[in-house]
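Structure data follow from run_12.tsv (TSV, C-alpha atoms):
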chain	number	residue	atom	x	y	z
A	1	MET	CA	77.33	-10.79	-164.55
A	2	GLU	CA	78.84	-13.05	-161.92
A	3	LYS	CA	76.31	-14.88	-159.77
A	4	LYS	CA	76.27	-14.07	-156.09
A	5	LYS	CA	78.27	-16.54	-154.02
A	6	ILE	CA	76.72	-17.47	-150.71
A	7	GLN	CA	78.17	-17.89	-147.25
A	8	ASP	CA	78.71	-21.57	-146.57
A	9	PRO	CA	80.42	-23.19	-143.58
A	10	ASP	CA	81.61	-26.03	-145.86
A	11	SER	CA	83.19	-23.83	-148.52
A	12	GLU	CA	86.65	-23.95	-146.93
A	13	LEU	CA	86.51	-27.74	-146.69
A	14	VAL	CA	85.43	-27.97	-150.34
A	15	ALA	CA	88.24	-25.63	-151.43
A	16	ARG	CA	90.76	-27.80	-149.59
A	17	ILE	CA	89.46	-30.94	-151.31
A	18	LEU	CA	89.75	-29.21	-154.68
A	19	ASP	CA	93.38	-28.47	-153.79
A	20	GLY	CA	93.93	-32.21	-153.39
A	21	ASP	CA	93.75	-32.43	-149.59
A	22	LYS	CA	92.95	-36.07	-148.81
A	23	ALA	CA	92.29	-35.39	-145.11
A	24	ALA	CA	89.69	-32.74	-146.05
A	25	PHE	CA	87.81	-35.28	-148.17
A	26	GLU	CA	87.86	-37.79	-145.35
A	27	THR	CA	86.51	-35.13	-142.97
A	28	LEU	CA	83.71	-34.40	-145.43
A	29	VAL	CA	82.82	-38.10	-145.67
A	30	GLU	CA	82.75	-38.47	-141.89
A	31	LEU	CA	80.70	-35.29	-141.52
A	32	TYR	CA	78.06	-36.10	-144.13
A	33	HIS	CA	77.96	-39.89	-144.12
A	34	PRO	CA	75.38	-40.37	-141.32
A	35	ARG	CA	72.95	-37.87	-142.91
A	36	ILE	CA	73.46	-39.16	-146.44
A	37	PHE	CA	73.16	-42.77	-145.32
A	38	ARG	CA	69.89	-42.13	-143.46
A	39	LEU	CA	68.48	-40.24	-146.44
A	40	THR	CA	69.57	-42.90	-148.92
A	41	ARG	CA	68.28	-45.69	-146.68
A	42	GLY	CA	64.96	-43.86	-146.27
A	43	ILE	CA	64.52	-43.61	-150.04
A	44	ILE	CA	65.87	-47.03	-151.06
A	45	GLY	CA	64.60	-48.97	-148.05
A	46	ASP	CA	67.32	-51.62	-148.23
A	47	TYR	CA	70.24	-51.47	-145.80
A	48	GLN	CA	72.90	-53.23	-147.88
A	49	ARG	CA	72.05	-51.47	-151.13
A	50	SER	CA	71.97	-48.11	-149.34
A	51	GLU	CA	75.49	-48.74	-148.05
A	52	ASP	CA	76.77	-49.37	-151.59
A	53	VAL	CA	74.87	-46.42	-153.05
A	54	CYS	CA	76.15	-44.19	-150.26
A	55	GLN	CA	79.77	-45.04	-151.10
A	56	ASP	CA	79.10	-44.40	-154.79
A	57	ILE	CA	77.61	-41.02	-153.86
A	58	PHE	CA	80.83	-39.94	-152.14
A	59	VAL	CA	82.94	-41.19	-155.06
A	60	ASN	CA	80.69	-39.17	-157.40
A	61	VAL	CA	80.97	-36.12	-155.18
A	62	PHE	CA	84.77	-36.40	-155.36
A	63	LEU	CA	84.66	-36.67	-159.17
A	64	LYS	CA	82.13	-33.87	-159.70
A	65	LEU	CA	83.27	-31.46	-157.02
A	66	SER	CA	85.01	-29.23	-159.56
A	67	SER	CA	81.57	-28.53	-161.09
A	68	PHE	CA	80.28	-27.16	-157.75
A	69	GLY	CA	80.28	-23.43	-158.32
A	70	PHE	CA	79.62	-22.20	-154.75
A	71	ARG	CA	76.33	-20.67	-155.98
A	72	SER	CA	74.32	-22.73	-153.50
A	73	LYS	CA	75.11	-24.23	-150.12
A	74	PHE	CA	77.34	-27.28	-150.42
A	75	SER	CA	74.88	-29.33	-148.33
A	76	THR	CA	72.11	-28.57	-150.88
A	77	TRP	CA	74.36	-29.73	-153.72
A	78	MET	CA	75.37	-32.82	-151.73
A	79	TYR	CA	71.72	-33.70	-150.98
A	80	ARG	CA	70.90	-33.28	-154.65
A	81	VAL	CA	73.62	-35.72	-155.72
A	82	ALA	CA	72.46	-38.15	-153.01
A	83	VAL	CA	68.73	-37.94	-153.80
A	84	ASN	CA	69.34	-38.41	-157.53
A	85	ALA	CA	71.53	-41.45	-156.90
A	86	ALA	CA	69.08	-42.93	-154.38
A	87	LEU	CA	66.04	-42.42	-156.64
A	88	LYS	CA	67.93	-43.98	-159.55
A	89	ALA	CA	68.95	-46.97	-157.39
A	90	ARG	CA	65.37	-47.26	-156.09
A	91	GLY	CA	63.99	-47.27	-159.65
A	92	LYS	CA	66.47	-49.95	-160.66
A	93	ALA	CA	65.64	-52.05	-157.60
A	94	ALA	CA	61.90	-51.70	-158.26
A	95	ARG	CA	62.36	-52.94	-161.83
A	96	LEU	CA	64.41	-55.90	-160.59
A	97	GLU	CA	61.79	-56.70	-157.94
A	98	THR	CA	59.05	-56.60	-160.57
A	99	ALA	CA	61.09	-58.87	-162.83
A	100	SER	CA	61.82	-61.36	-160.02
A	101	LEU	CA	58.14	-61.33	-158.99
A	102	GLU	CA	57.16	-62.10	-162.56
A	103	GLU	CA	59.72	-64.91	-162.68
A	104	ALA	CA	58.46	-66.33	-159.38
A	105	GLY	CA	54.87	-66.06	-160.55
A	106	GLY	CA	53.79	-63.41	-158.04
A	107	GLY	CA	53.84	-63.35	-154.24
A	108	PRO	CA	55.32	-60.87	-151.78
A	109	ALA	CA	58.85	-59.53	-152.34
A	110	ARG	CA	61.46	-60.96	-149.96
A	111	GLU	CA	63.46	-58.51	-147.89
A	112	ASP	CA	67.16	-58.94	-147.22
A	113	GLY	CA	68.37	-60.20	-143.85
A	114	ALA	CA	69.74	-56.86	-142.66
A	115	ALA	CA	66.44	-55.11	-143.41
A	116	ARG	CA	64.48	-57.70	-141.47
A	117	GLU	CA	66.91	-57.50	-138.61
A	118	LEU	CA	66.55	-53.74	-138.39
A	119	GLU	CA	62.81	-53.67	-138.92
A	120	GLY	CA	62.01	-53.35	-135.23
A	121	HIS	CA	64.32	-50.36	-134.79
A	122	ASP	CA	63.63	-48.60	-138.07
A	123	LEU	CA	60.32	-46.96	-137.34
A	124	VAL	CA	60.76	-44.19	-139.92
A	125	GLY	CA	61.63	-46.64	-142.66
A	126	LYS	CA	58.69	-48.85	-141.75
A	127	LEU	CA	56.24	-45.95	-141.83
A	128	LEU	CA	57.53	-44.40	-145.03
A	129	ARG	CA	57.87	-47.63	-146.99
A	130	PRO	CA	54.38	-47.50	-148.59
A	131	LEU	CA	55.02	-44.02	-150.05
A	132	PRO	CA	56.37	-43.51	-153.58
A	133	ALA	CA	60.13	-42.83	-153.55
A	134	HIS	CA	59.91	-39.14	-154.55
A	135	LEU	CA	57.41	-38.42	-151.75
A	136	ARG	CA	59.62	-40.29	-149.30
A	137	ALA	CA	62.58	-38.14	-150.34
A	138	THR	CA	60.54	-34.95	-149.80
A	139	VAL	CA	59.32	-36.03	-146.35
A	140	LEU	CA	62.82	-37.06	-145.24
A	141	LEU	CA	64.37	-33.79	-146.42
A	142	LYS	CA	61.74	-31.87	-144.47
A	143	GLU	CA	61.31	-33.88	-141.30
A	144	LYS	CA	64.71	-35.52	-140.82
A	145	GLU	CA	67.05	-33.03	-142.44
A	146	GLY	CA	65.04	-29.94	-141.47
A	147	LEU	CA	65.30	-28.20	-144.86
A	148	THR	CA	62.98	-25.35	-145.83
A	149	TYR	CA	60.60	-25.71	-148.80
A	150	ARG	CA	62.91	-23.49	-150.86
A	151	GLU	CA	65.94	-25.66	-150.03
A	152	ILE	CA	64.02	-28.87	-150.78
A	153	ALA	CA	62.94	-27.37	-154.11
A	154	LYS	CA	66.60	-26.74	-154.97
A	155	VAL	CA	67.56	-30.29	-154.04
A	156	LEU	CA	64.72	-31.88	-156.01
A	157	GLY	CA	64.87	-29.43	-158.93
A	158	CYS	CA	61.25	-28.30	-158.60
A	159	SER	CA	59.33	-25.27	-157.30
A	160	PRO	CA	58.53	-24.60	-153.61
A	161	GLY	CA	54.87	-24.96	-154.61
A	162	ALA	CA	55.54	-28.48	-155.87
A	163	VAL	CA	57.25	-29.28	-152.55
A	164	GLU	CA	54.13	-28.04	-150.73
A	165	GLN	CA	51.91	-30.28	-152.88
A	166	ARG	CA	54.15	-33.31	-152.39
A	167	LEU	CA	54.21	-32.88	-148.64
A	168	HIS	CA	50.43	-32.46	-148.57
A	169	ARG	CA	50.01	-35.67	-150.59
A	170	ALA	CA	52.57	-37.52	-148.50
A	171	PHE	CA	51.00	-36.52	-145.17
A	172	THR	CA	47.49	-37.27	-146.37
A	173	LEU	CA	48.64	-40.74	-147.41
A	174	LEU	CA	50.64	-41.20	-144.21
A	175	ARG	CA	47.63	-40.23	-142.12
A	176	GLU	CA	45.61	-42.99	-143.72
A	177	ILE	CA	48.44	-45.49	-143.28
A	178	TRP	CA	49.08	-44.29	-139.74
A	179	LYS	CA	45.49	-44.84	-138.75
A	180	ASP	CA	45.81	-48.46	-139.87
A	181	ARG	CA	49.12	-49.01	-138.11
A	182	LYS	CA	48.58	-47.14	-134.87
A	183	LYS	CA	47.77	-50.35	-133.05
A	184	ASP	CA	50.87	-52.15	-134.33
A	185	LEU	CA	53.11	-49.29	-133.25
A	186	GLY	CA	51.53	-48.89	-129.84
A	187	LEU	CA	50.63	-45.25	-130.46
A	188	GLU	CA	46.95	-45.43	-129.76
A	189	GLY	CA	47.24	-42.57	-127.29
A	190	GLU	CA	48.71	-40.20	-129.93
A	191	ALA	CA	46.49	-37.60	-131.62
B	1	MET	CA	38.30	-20.89	-147.63
B	2	ASN	CA	36.57	-24.26	-147.38
B	3	CYS	CA	37.91	-27.45	-145.74
B	4	ILE	CA	39.47	-28.81	-148.97
B	5	GLU	CA	41.40	-25.59	-149.56
B	6	ILE	CA	42.49	-25.40	-145.93
B	7	ARG	CA	43.70	-29.00	-145.84
B	8	ARG	CA	45.74	-28.42	-148.99
B	9	ILE	CA	47.84	-25.80	-147.20
B	10	LEU	CA	47.64	-27.26	-143.71
B	11	LYS	CA	51.06	-28.88	-143.81
B	12	ALA	CA	52.66	-25.69	-145.15
B	13	TRP	CA	50.94	-23.75	-142.36
B	14	ILE	CA	52.28	-26.18	-139.72
B	15	ASP	CA	55.78	-25.78	-141.22
B	16	GLY	CA	55.49	-21.97	-141.12
B	17	GLU	CA	55.72	-21.76	-144.91
B	18	VAL	CA	52.61	-19.65	-145.61
B	19	GLU	CA	52.23	-15.87	-145.60
B	20	GLU	CA	50.81	-14.11	-142.59
B	21	THR	CA	47.41	-13.35	-144.14
B	22	THR	CA	47.01	-17.00	-145.22
B	23	ALA	CA	48.05	-18.17	-141.76
B	24	GLU	CA	45.35	-15.96	-140.22
B	25	ARG	CA	42.71	-17.49	-142.51
B	26	VAL	CA	43.83	-21.01	-141.61
B	27	GLU	CA	43.73	-20.20	-137.89
B	28	ALA	CA	40.25	-18.68	-138.22
B	29	HIS	CA	39.02	-21.78	-140.06
B	30	LEU	CA	40.57	-24.18	-137.54
B	31	ALA	CA	38.94	-22.31	-134.67
B	32	ALA	CA	35.57	-23.14	-136.18
B	33	CYS	CA	36.19	-26.57	-137.81
B	34	GLU	CA	36.73	-29.61	-135.62
B	35	ALA	CA	37.42	-32.00	-138.55
B	36	CYS	CA	40.26	-29.85	-139.92
B	37	ARG	CA	41.63	-29.45	-136.38
B	38	ALA	CA	41.83	-33.24	-136.15
B	39	VAL	CA	43.73	-33.42	-139.46
B	40	ALA	CA	46.14	-30.71	-138.29
B	41	ALA	CA	46.72	-32.60	-135.04
B	42	ASP	CA	47.46	-35.81	-136.96
B	43	PHE	CA	49.87	-34.00	-139.30
B	44	ARG	CA	51.67	-32.48	-136.31
B	45	SER	CA	51.89	-35.80	-134.49
B	46	PHE	CA	53.15	-37.53	-137.54
B	47	GLY	CA	55.85	-34.90	-138.15
B	48	ARG	CA	56.93	-35.19	-134.51
B	49	LEU	CA	57.00	-38.97	-134.74
B	50	LEU	CA	59.25	-38.81	-137.80
B	51	ARG	CA	61.60	-36.28	-136.22
B	52	GLU	CA	61.86	-37.97	-132.85
B	53	ALA	CA	61.84	-41.62	-133.86
B	54	PRO	CA	65.06	-43.48	-132.99
B	55	GLU	CA	67.48	-43.39	-135.88
B	56	ALA	CA	68.18	-46.48	-137.89
B	57	GLU	CA	71.66	-47.88	-137.36
B	58	VAL	CA	74.15	-46.11	-139.61
B	59	ALA	CA	76.60	-48.26	-141.49
B	60	ARG	CA	80.27	-47.83	-140.61
B	61	VAL	CA	82.30	-45.97	-143.17
B	62	ASP	CA	85.99	-46.07	-144.01
B	63	ALA	CA	86.64	-42.58	-145.39
B	64	GLY	CA	90.16	-43.56	-146.47
B	65	GLU	CA	88.83	-46.47	-148.52
B	66	ILE	CA	86.24	-44.23	-150.20
B	67	HIS	CA	89.01	-41.74	-151.03
B	68	GLY	CA	91.03	-44.60	-152.57
B	69	ARG	CA	88.06	-45.66	-154.69
B	70	ALA	CA	87.45	-42.06	-155.73
B	71	VAL	CA	91.07	-41.58	-156.82
B	72	CYS	CA	90.95	-44.85	-158.82
B	73	ALA	CA	87.69	-43.75	-160.46
B	74	GLU	CA	89.24	-40.39	-161.31
B	75	ARG	CA	92.24	-42.11	-162.96
B	76	GLU	CA	89.94	-44.40	-164.90
B	77	GLU	CA	87.90	-41.40	-166.05
B	78	GLU	CA	91.06	-39.58	-167.15
B	79	GLY	CA	92.22	-42.73	-168.96
B	80	VAL	CA	88.92	-42.94	-170.84
B	81	ILE	CA	89.14	-39.25	-171.77
B	82	ARG	CA	92.72	-39.71	-173.05
B	83	LEU	CA	91.63	-42.76	-175.06
B	84	LEU	CA	88.73	-40.81	-176.57
B	85	GLN	CA	91.06	-37.91	-177.41
B	86	ARG	CA	93.47	-40.28	-179.18
B	87	ALA	CA	90.61	-41.93	-181.07
B	88	ALA	CA	89.37	-38.49	-182.15
B	89	ALA	CA	92.88	-37.51	-183.31
B	90	VAL	CA	93.22	-40.72	-185.36
B	91	ALA	CA	89.77	-40.22	-186.88
B	92	ALA	CA	90.65	-36.63	-187.83
B	93	ALA	CA	93.92	-37.74	-189.43
B	94	VAL	CA	92.13	-40.43	-191.45
B	95	LEU	CA	89.57	-37.86	-192.57
B	96	VAL	CA	92.26	-35.39	-193.70
B	97	LEU	CA	94.20	-38.10	-195.57
B	98	SER	CA	91.01	-39.30	-197.29
B	99	ALA	CA	90.18	-35.75	-198.33
B	100	LEU	CA	93.70	-35.26	-199.74
B	101	PHE	CA	93.50	-38.55	-201.60
B	102	TRP	CA	90.23	-37.54	-203.29
B	103	LEU	CA	91.46	-34.07	-204.19
B	104	MET	CA	94.77	-35.24	-205.69
B	105	PRO	CA	94.71	-35.83	-209.53
B	106	SER	CA	95.38	-39.38	-210.65
B	107	ALA	CA	98.91	-40.39	-211.79
B	108	GLY	CA	100.09	-38.95	-215.22
B	109	GLU	CA	97.30	-36.41	-215.33
B	110	THR	CA	97.93	-32.72	-214.80
B	111	PRO	CA	95.25	-30.04	-214.61
B	112	ASP	CA	96.63	-28.43	-217.76
B	113	ASP	CA	96.42	-31.68	-219.71
B	114	GLY	CA	92.84	-32.16	-218.74
B	115	PHE	CA	91.92	-28.62	-219.61
B	116	ALA	CA	93.68	-28.71	-222.96
B	117	ALA	CA	92.19	-32.09	-223.82
B	118	GLY	CA	88.72	-30.88	-222.97
B	119	ALA	CA	89.18	-27.79	-225.04
B	120	ARG	CA	90.45	-29.81	-228.00
B	121	GLU	CA	87.49	-32.16	-227.71
B	122	ARG	CA	85.09	-29.26	-227.74
B	123	ALA	CA	86.91	-27.73	-230.69
B	124	VAL	CA	86.51	-30.93	-232.69
B	125	GLU	CA	82.88	-31.41	-231.74
B	126	THR	CA	81.71	-27.95	-232.71
B	127	PRO	CA	77.92	-28.11	-232.95
B	128	LYS	CA	76.49	-27.06	-236.28
B	129	GLY	CA	73.43	-25.41	-234.86
B	130	GLY	CA	75.45	-23.49	-232.23
B	131	VAL	CA	75.44	-19.86	-231.41
B	132	GLU	CA	75.31	-17.42	-234.27
B	133	GLY	CA	75.92	-19.22	-237.53
B	134	GLY	CA	76.99	-22.58	-236.10
B	135	LYS	CA	80.09	-21.26	-234.31
B	136	ASP	CA	80.43	-21.18	-230.56
B	137	PRO	CA	82.87	-18.36	-229.65
B	138	ARG	CA	83.78	-20.16	-226.41
B	139	VAL	CA	85.17	-23.10	-228.41
B	140	ASP	CA	87.49	-20.77	-230.35
B	141	GLU	CA	88.71	-19.19	-227.16
B	142	ASP	CA	89.31	-22.59	-225.53
B	143	ALA	CA	91.14	-23.87	-228.58
B	144	ALA	CA	93.35	-20.77	-228.70
B	145	LEU	CA	94.16	-21.11	-225.04
B	146	ALA	CA	94.94	-24.82	-225.46
B	147	SER	CA	97.24	-24.04	-228.37
B	148	PHE	CA	98.96	-21.34	-226.32
B	149	LEU	CA	99.49	-23.74	-223.43
B	150	SER	CA	100.83	-26.54	-225.64
B	151	ASN	CA	103.29	-24.11	-227.24
B	152	LEU	CA	104.59	-22.88	-223.91
B	153	ASN	CA	107.12	-25.72	-223.69
B	154	SER	CA	108.69	-24.79	-227.01
B	155	TRP	CA	109.45	-21.21	-225.94
B	156	PRO	CA	113.20	-20.40	-225.80
B	157	ASP	CA	114.66	-20.60	-222.30
B	158	ALA	CA	116.60	-17.43	-222.92
B	159	VAL	CA	113.52	-15.29	-222.84
B	160	ALA	CA	113.79	-13.31	-219.66
B	161	ILE	CA	112.54	-10.05	-218.30
B	162	GLY	CA	115.88	-8.40	-219.08
B	163	ASP	CA	115.35	-9.01	-222.80
B	164	TYR	CA	112.37	-6.69	-222.91
Same coordinates, now as structure tokens:
Amino acid sequence: MEKKKIQDPDSELVARILDGDKAAFETLVELYHPRIFRLTRGIIGDYQRSEDVCQDIFVNVFLKLSSFGFRSKFSTWMYRVAVNAALKARGKAARLETASLEEAGGGPAREDGAARELEGHDLVGKLLRPLPAHLRATVLLKEKEGLTYREIAKVLGCSPGAVEQRLHRAFTLLREIWKDRKKDLGLEGEA
Amino acid sequence: MNCIEIRRILKAWIDGEVEETTAERVEAHLAACEACRAVAADFRSFGRLLREAPEAEVARVDAGEIHGRAVCAEREEEGVIRLLQRAAAVAAAVLVLSALFWLMPSAGETPDDGFAAGARERAVETPKGGVEGGKDPRVDEDAALASFLSNLNSWPDAVAIGDY
């Protein structure tokens, strides 16, 4: 039995790309790049690396688009490709950081210039940095991208119940961190 | 529901992701519990802070350049697939040729020769304590067949179906 195909505002754009329309692909990149970049940056935490990963994500989307079966919203599929790539890049970066720390004999990890430069403006990144990458991804998909628990579950390949648990854990941790950082952020009047 | 149970679903309740009956229980609990109300307020504030915080600067993107990279990657991928297909075809051909080589009889040996020789050998080496009185009937049959086959070449060429 054929699976039900859903209504999707991006389906026409995707069909045009599959027909080899270069302009349609460029439209898709321009449409999704800001969201995908913010998500990737939120998970990876490094500006330069996020830029590279983001470009790789769009190349991968181009290569794998024929496997998109229109059974879910294109944005869900796109987020899934992005989150997987970002988590993989984050894991790789964490291993490299650990290795360089071991080589240097311990001490705090150095951040790249761009990250330091943006620190003052990147409140979300600063707040979410202490969270594990998979919790960060869940929080960003909920709070920044406005996805429902069911949509997040599809993106992360887990159940809506697992999304609920992850958000509970993330917010409990964030609350503790927030309490410590309230003064630094000048939010003493909040809650 | 106690405070631990309520706090576990507090975020889902704030996000409107719990059923109506559960939502009513949460609301009833919050009306009576100041500590859980404080947690709910913090969760709400934090969600709002995340949603309303100024966005980090987004890197510029050259969509045309990404398309170029994607097309190159696609060609590379196709090239690798073609290479793998060729390698598989060569491997299959080598396998077939090896199988043929092993199945082919060695030079100067025909299946008939081998069969006849085997039968002759068995005829010569008839075991004394064989089946029924020292004679193996299979040996006789093999020898007769071998003799028939060796005489085939001496048959006159003129023998044809029309002669019968």
*Write down, as a ChimeraX atom specification, each residue of chain A that has any atom within 9 Å of an atom of chain B, counting all atoms listed in the file.*
/A:22-23,25-30,33-35,37-38,41,47-48,51,55-56,58-63,118,121-125,127,139-140,143-146,148-149,164-165,167-169,171-172,174-175,178,190-191
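Between CA of Phe74 in chain A and CA of Ile14 in chain B lies a distance of 27.3 Å.
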*What's the 10 Å shell around Arg129 in chain A, counting only C-alpha atoms, without same-chain residues fewer than 3 positions away, as an NGL selection string?*
:A and (42-45 or 123-126 or 132-133 or 136)
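The coordinates place CA of Leu149 in chain B at 23.3 Å from CA of Leu103 in chain B.
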*Write out as a ChimeraX atom specification each polymer residue whose atoms come within 12 Å of Gly157 in chain A, counting all atoms listed in the file; drop sequence neighbours fewer than 2 positions from it.*
/A:76-77,79-81,83-84,134,138,149-155,159-163
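The two atoms in question, CA of Ile4 in chain B and CA of Lys142 in chain A, are spaced 22.9 Å apart.
The residue that comes closest to Asp19 in chain A, out of A:Leu141, A:Gly91, A:Leu65, A:Ala82 and on the basis of all atoms listed in the file, is A:Leu65.
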